[in-house]
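J.: Pasting a structure below so you can have a look.
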Amino acid sequence: MGTVLHPAGGRPAAVYWIRRALVLAVPLAIIVGLVWWFLPKGGAPIAATPASTSASPSAPAVAPTPAPSDTPTTPATPAAPTACAAESLSASLAGYGTVEGGGAQPFTLTVTSQADADCLFDAKAGTVELAVSSGSDRIWTTDHCAKLLPGKTLTLTKGKPVELSITWPVKRSAKDCKTTKDALGAGTYVAKATYRDVTLARKVMSVKAK
């Protein structure tokens with residue numbers, strides 16, 4: 001026991017202690033290595049995937065396609081035509097250039113609408129008048145005989161003319177579709193067609209004595 005704690009020999013005591021420590025350390029290291037070698041090894045740790053810091057762009061919203069309706073679409077009802085404005089009408093009055101007293105003058109009144117929309121032309125007495133005058137003397141008028149006019153309402157379409165035929169017996173008129181026996185003198189006579197008191201057309205003619 002004394003030689004263990006107090007080694008004998010000519011060398012310093014520290015040399016002996018170092019040798020003893022090495023002798024003890026080598027077996028201990030071998031034991032530790034064997035233990036580490038035979039211990040079960042765990043799997044390599046799985047590195048956590050860092051969360052993406054940028055948001056993925058979202059797909060643009062797609063508007064839903066409306067389903068076709070089973071109910072048929074009703075077309076808009078066009079507005080009913082209204083009365084023609086005199087300012088939207090163009091007209092001409094045709095007839096013989098010379099007639100004989102007591103004969104017949106067949107007038108043709110042609111009316112055309114210039115309005116974009118259809119309109120109603122009231123070809124009746126009180127709305128349309130055809131009159132013949134000589135100077136200030138009113139000789140004849142359709143206002144004395146309503147049946148001389150068509151007596152109906154016509155629908156006028158833009159650019160499409162309509163014709164009204166009216167005959168003057170080359171006599172002076174009186175109320176209730178009558179004519180007088182007064183002879184007409186030779187000379188110049190003027191026929192004038194009006195619509196709602198607005199002059200549409202004129203016709204100048206000559207009357208010869210019978």
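Labeling convention for the structure tokens: chains A, B, ... as they appear, residues from 1 per chain, ligands from 1 in order of appearance.
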Using DSSP assignments from the backbone, pull out every residue in stretch 88-155 of chain A that falls under strand (DSSP E or B) and give it to me as a ChimeraX atom specification.
T.: /A:89-94,98-100,105-113,119-123,128-134,137-141,152-155
J.: Take the residues from that selection and put them in a file with N, CA and C atoms, as an mmCIF file, in the first residue's frame.
T.:
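And here's result_15.cif as it stands now:
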data_model
loop_
_atom_site.group_PDB
_atom_site.id
_atom_site.type_symbol
_atom_site.label_atom_id
_atom_site.label_comp_id
_atom_site.auth_asym_id
_atom_site.auth_seq_id
_atom_site.Cartn_x
_atom_site.Cartn_y
_atom_site.Cartn_z
ATOM 1 N N LEU A 89 -94.980 67.397 -94.363
ATOM 2 C CA LEU A 89 -95.582 66.896 -95.594
ATOM 3 C C LEU A 89 -95.118 67.706 -96.796
ATOM 4 N N SER A 90 -94.918 66.993 -97.891
ATOM 5 C CA SER A 90 -94.712 67.642 -99.187
ATOM 6 C C SER A 90 -95.827 67.169 -100.100
ATOM 7 N N ALA A 91 -96.280 68.024 -101.016
ATOM 8 C CA ALA A 91 -97.439 67.661 -101.826
ATOM 9 C C ALA A 91 -97.364 68.337 -103.194
ATOM 10 N N SER A 92 -98.108 67.770 -104.113
ATOM 11 C CA SER A 92 -98.248 68.353 -105.451
ATOM 12 C C SER A 92 -99.704 68.181 -105.884
ATOM 13 N N LEU A 93 -100.172 69.096 -106.716
ATOM 14 C CA LEU A 93 -101.560 69.072 -107.191
ATOM 15 C C LEU A 93 -101.530 69.096 -108.714
ATOM 16 N N ALA A 94 -102.028 68.035 -109.320
ATOM 17 C CA ALA A 94 -102.000 67.911 -110.780
ATOM 18 C C ALA A 94 -103.412 67.982 -111.352
ATOM 19 N N THR A 98 -106.097 73.617 -118.891
ATOM 20 C CA THR A 98 -107.238 74.389 -119.401
ATOM 21 C C THR A 98 -108.475 73.504 -119.370
ATOM 22 N N VAL A 99 -109.565 74.040 -118.866
ATOM 23 C CA VAL A 99 -110.831 73.308 -118.812
ATOM 24 C C VAL A 99 -111.940 74.207 -119.338
ATOM 25 N N GLU A 100 -113.059 73.580 -119.633
ATOM 26 C CA GLU A 100 -114.213 74.314 -120.157
ATOM 27 C C GLU A 100 -115.302 74.373 -119.106
ATOM 28 N N GLN A 105 -112.795 68.759 -114.079
ATOM 29 C CA GLN A 105 -111.347 68.876 -113.822
ATOM 30 C C GLN A 105 -110.955 67.826 -112.783
ATOM 31 N N PRO A 106 -110.322 66.723 -113.224
ATOM 32 C CA PRO A 106 -109.904 65.667 -112.281
ATOM 33 C C PRO A 106 -108.557 66.030 -111.638
ATOM 34 N N PHE A 107 -108.616 66.435 -110.386
ATOM 35 C CA PHE A 107 -107.381 66.764 -109.658
ATOM 36 C C PHE A 107 -106.794 65.495 -109.024
ATOM 37 N N THR A 108 -105.467 65.479 -108.945
ATOM 38 C CA THR A 108 -104.767 64.420 -108.197
ATOM 39 C C THR A 108 -103.849 65.104 -107.185
ATOM 40 N N LEU A 109 -104.170 64.905 -105.924
ATOM 41 C CA LEU A 109 -103.346 65.462 -104.840
ATOM 42 C C LEU A 109 -102.416 64.356 -104.340
ATOM 43 N N THR A 110 -101.117 64.569 -104.510
ATOM 44 C CA THR A 110 -100.118 63.588 -104.063
ATOM 45 C C THR A 110 -99.440 64.117 -102.800
ATOM 46 N N VAL A 111 -99.487 63.318 -101.742
ATOM 47 C CA VAL A 111 -98.938 63.730 -100.449
ATOM 48 C C VAL A 111 -97.852 62.730 -100.030
ATOM 49 N N THR A 112 -96.724 63.270 -99.569
ATOM 50 C CA THR A 112 -95.612 62.436 -99.107
ATOM 51 C C THR A 112 -95.142 62.937 -97.749
ATOM 52 N N SER A 113 -94.937 62.008 -96.831
ATOM 53 C CA SER A 113 -94.426 62.376 -95.504
ATOM 54 C C SER A 113 -92.901 62.363 -95.522
ATOM 55 N N CYS A 119 -96.997 58.360 -89.791
ATOM 56 C CA CYS A 119 -97.974 59.300 -89.223
ATOM 57 C C CYS A 119 -99.320 59.106 -89.900
ATOM 58 N N LEU A 120 -100.350 59.673 -89.290
ATOM 59 C CA LEU A 120 -101.726 59.506 -89.761
ATOM 60 C C LEU A 120 -102.182 60.766 -90.495
ATOM 61 N N PHE A 121 -102.630 60.554 -91.757
ATOM 62 C CA PHE A 121 -103.129 61.654 -92.581
ATOM 63 C C PHE A 121 -104.646 61.522 -92.652
ATOM 64 N N ASP A 122 -105.341 62.454 -92.037
ATOM 65 C CA ASP A 122 -106.803 62.410 -91.955
ATOM 66 C C ASP A 122 -107.389 63.058 -93.203
ATOM 67 N N ALA A 123 -107.732 62.239 -94.207
ATOM 68 C CA ALA A 123 -108.246 62.756 -95.492
ATOM 69 C C ALA A 123 -109.756 62.935 -95.427
ATOM 70 N N VAL A 128 -108.756 68.256 -94.469
ATOM 71 C CA VAL A 128 -108.237 68.504 -95.825
ATOM 72 C C VAL A 128 -109.292 69.287 -96.596
ATOM 73 N N GLU A 129 -108.819 70.269 -97.350
ATOM 74 C CA GLU A 129 -109.740 71.041 -98.198
ATOM 75 C C GLU A 129 -109.073 71.320 -99.535
ATOM 76 N N LEU A 130 -109.863 71.183 -100.582
ATOM 77 C CA LEU A 130 -109.443 71.605 -101.911
ATOM 78 C C LEU A 130 -110.449 72.651 -102.369
ATOM 79 N N ALA A 131 -109.957 73.830 -102.691
ATOM 80 C CA ALA A 131 -110.841 74.931 -103.062
ATOM 81 C C ALA A 131 -110.330 75.569 -104.345
ATOM 82 N N VAL A 132 -111.274 76.142 -105.131
ATOM 83 C CA VAL A 132 -110.948 76.850 -106.371
ATOM 84 C C VAL A 132 -111.429 78.286 -106.234
ATOM 85 N N SER A 133 -110.547 79.206 -106.589
ATOM 86 C CA SER A 133 -110.885 80.636 -106.472
ATOM 87 C C SER A 133 -110.504 81.362 -107.757
ATOM 88 N N SER A 134 -111.151 82.478 -107.954
ATOM 89 C CA SER A 134 -110.784 83.398 -109.020
ATOM 90 C C SER A 134 -110.608 84.749 -108.367
ATOM 91 N N ASP A 137 -112.741 85.722 -105.241
ATOM 92 C CA ASP A 137 -114.027 85.028 -105.335
ATOM 93 C C ASP A 137 -113.811 83.532 -105.122
ATOM 94 N N ARG A 138 -114.415 83.015 -104.067
ATOM 95 C CA ARG A 138 -114.295 81.577 -103.779
ATOM 96 C C ARG A 138 -115.351 80.865 -104.611
ATOM 97 N N ILE A 139 -114.918 80.060 -105.548
ATOM 98 C CA ILE A 139 -115.821 79.442 -106.513
ATOM 99 C C ILE A 139 -116.350 78.092 -106.019
ATOM 100 N N TRP A 140 -115.437 77.292 -105.521
ATOM 101 C CA TRP A 140 -115.822 75.915 -105.199
ATOM 102 C C TRP A 140 -114.931 75.414 -104.059
ATOM 103 N N THR A 141 -115.494 74.517 -103.162
ATOM 104 C CA THR A 141 -114.721 73.951 -102.058
ATOM 105 C C THR A 141 -115.267 72.582 -101.657
ATOM 106 N N LYS A 152 -111.255 58.969 -95.035
ATOM 107 C CA LYS A 152 -110.600 57.956 -94.210
ATOM 108 C C LYS A 152 -109.228 58.458 -93.773
ATOM 109 N N THR A 153 -108.692 57.767 -92.792
ATOM 110 C CA THR A 153 -107.371 58.112 -92.267
ATOM 111 C C THR A 153 -106.327 57.220 -92.916
ATOM 112 N N LEU A 154 -105.309 57.827 -93.498
ATOM 113 C CA LEU A 154 -104.261 57.098 -94.195
ATOM 114 C C LEU A 154 -102.978 57.113 -93.364
ATOM 115 N N THR A 155 -102.283 56.005 -93.358
ATOM 116 C CA THR A 155 -100.979 55.936 -92.671
ATOM 117 C C THR A 155 -99.886 56.242 -93.681
#
J.: Env of A:Cys177: 10 Å cut, atoms = only C-alpha atoms, seq-sep filter 2 positions within chain, self excluded. Answer as a list in words.
T.: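 Everything that qualifies: Thr141, Thr142, Asp143, His144, Cys145, Ala146, Lys147, Leu148, Ser173, Ala174, Lys175 and Thr179 of chain A.
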J.: Would you mind exporting the chosen residues as a tab-separated table (two decimals), in the first residue's frame, restricted to N, CA and C atoms?
T.:
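Below is the file that was written, again13.tsv:
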chain	number	residue	atom	x	y	z
A	141	THR	N	-115.49	74.52	-103.16
A	141	THR	CA	-114.72	73.95	-102.06
A	141	THR	C	-115.27	72.58	-101.66
A	142	THR	N	-114.38	71.70	-101.26
A	142	THR	CA	-114.81	70.38	-100.77
A	142	THR	C	-115.51	70.47	-99.42
A	143	ASP	N	-115.38	71.62	-98.74
A	143	ASP	CA	-116.08	71.77	-97.46
A	143	ASP	C	-117.59	71.75	-97.65
A	144	HIS	N	-118.07	72.02	-98.88
A	144	HIS	CA	-119.51	71.98	-99.16
A	144	HIS	C	-120.00	70.56	-99.38
A	145	CYS	N	-119.05	69.60	-99.58
A	145	CYS	CA	-119.46	68.23	-99.87
A	145	CYS	C	-118.37	67.26	-99.40
A	146	ALA	N	-118.56	66.73	-98.18
A	146	ALA	CA	-117.54	65.88	-97.57
A	146	ALA	C	-117.26	64.62	-98.39
A	147	LYS	N	-118.24	64.14	-99.16
A	147	LYS	CA	-118.03	62.89	-99.88
A	147	LYS	C	-117.08	63.04	-101.07
A	148	LEU	N	-116.72	64.27	-101.39
A	148	LEU	CA	-115.73	64.46	-102.45
A	148	LEU	C	-114.33	64.01	-102.02
A	173	SER	N	-119.88	75.92	-106.24
A	173	SER	CA	-120.48	74.98	-105.29
A	173	SER	C	-121.37	75.69	-104.29
A	174	ALA	N	-122.25	74.89	-103.65
A	174	ALA	CA	-123.12	75.36	-102.58
A	174	ALA	C	-123.16	74.25	-101.52
A	175	LYS	N	-123.73	74.57	-100.38
A	175	LYS	CA	-123.79	73.59	-99.29
A	175	LYS	C	-124.60	72.37	-99.70
A	179	THR	N	-124.54	72.44	-106.58
A	179	THR	CA	-123.84	73.42	-107.41
A	179	THR	C	-124.88	74.42	-107.94
J.: Pick the closest to A:Ala104 from A:Ala193, A:Ile166, A:Ala201, A:Ala21: which is it, counting only C-alpha atoms?
T.: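 The closest residue to A:Ala104 is A:Ile166.
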J.: Just to confirm, what's the straight-line distance from atom CA of A:Ala191 to atom CA of A:Lys203 in Å (one decimal)?
T.: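 It comes out at 5.0 Å.
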J.: For A:Gly95, which residue among A:Gly135, A:Lys124, A:Thr167, A:Thr180 is the nearest when counting only C-alpha atoms?
T.: A:Thr167
J.: Just to confirm, what's the straight-line distance from atom CA of A:Ala186 to atom CA of A:Val207 in Å (one decimal)?
T.: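 Computing it gives 5.1 Å between the two atoms.
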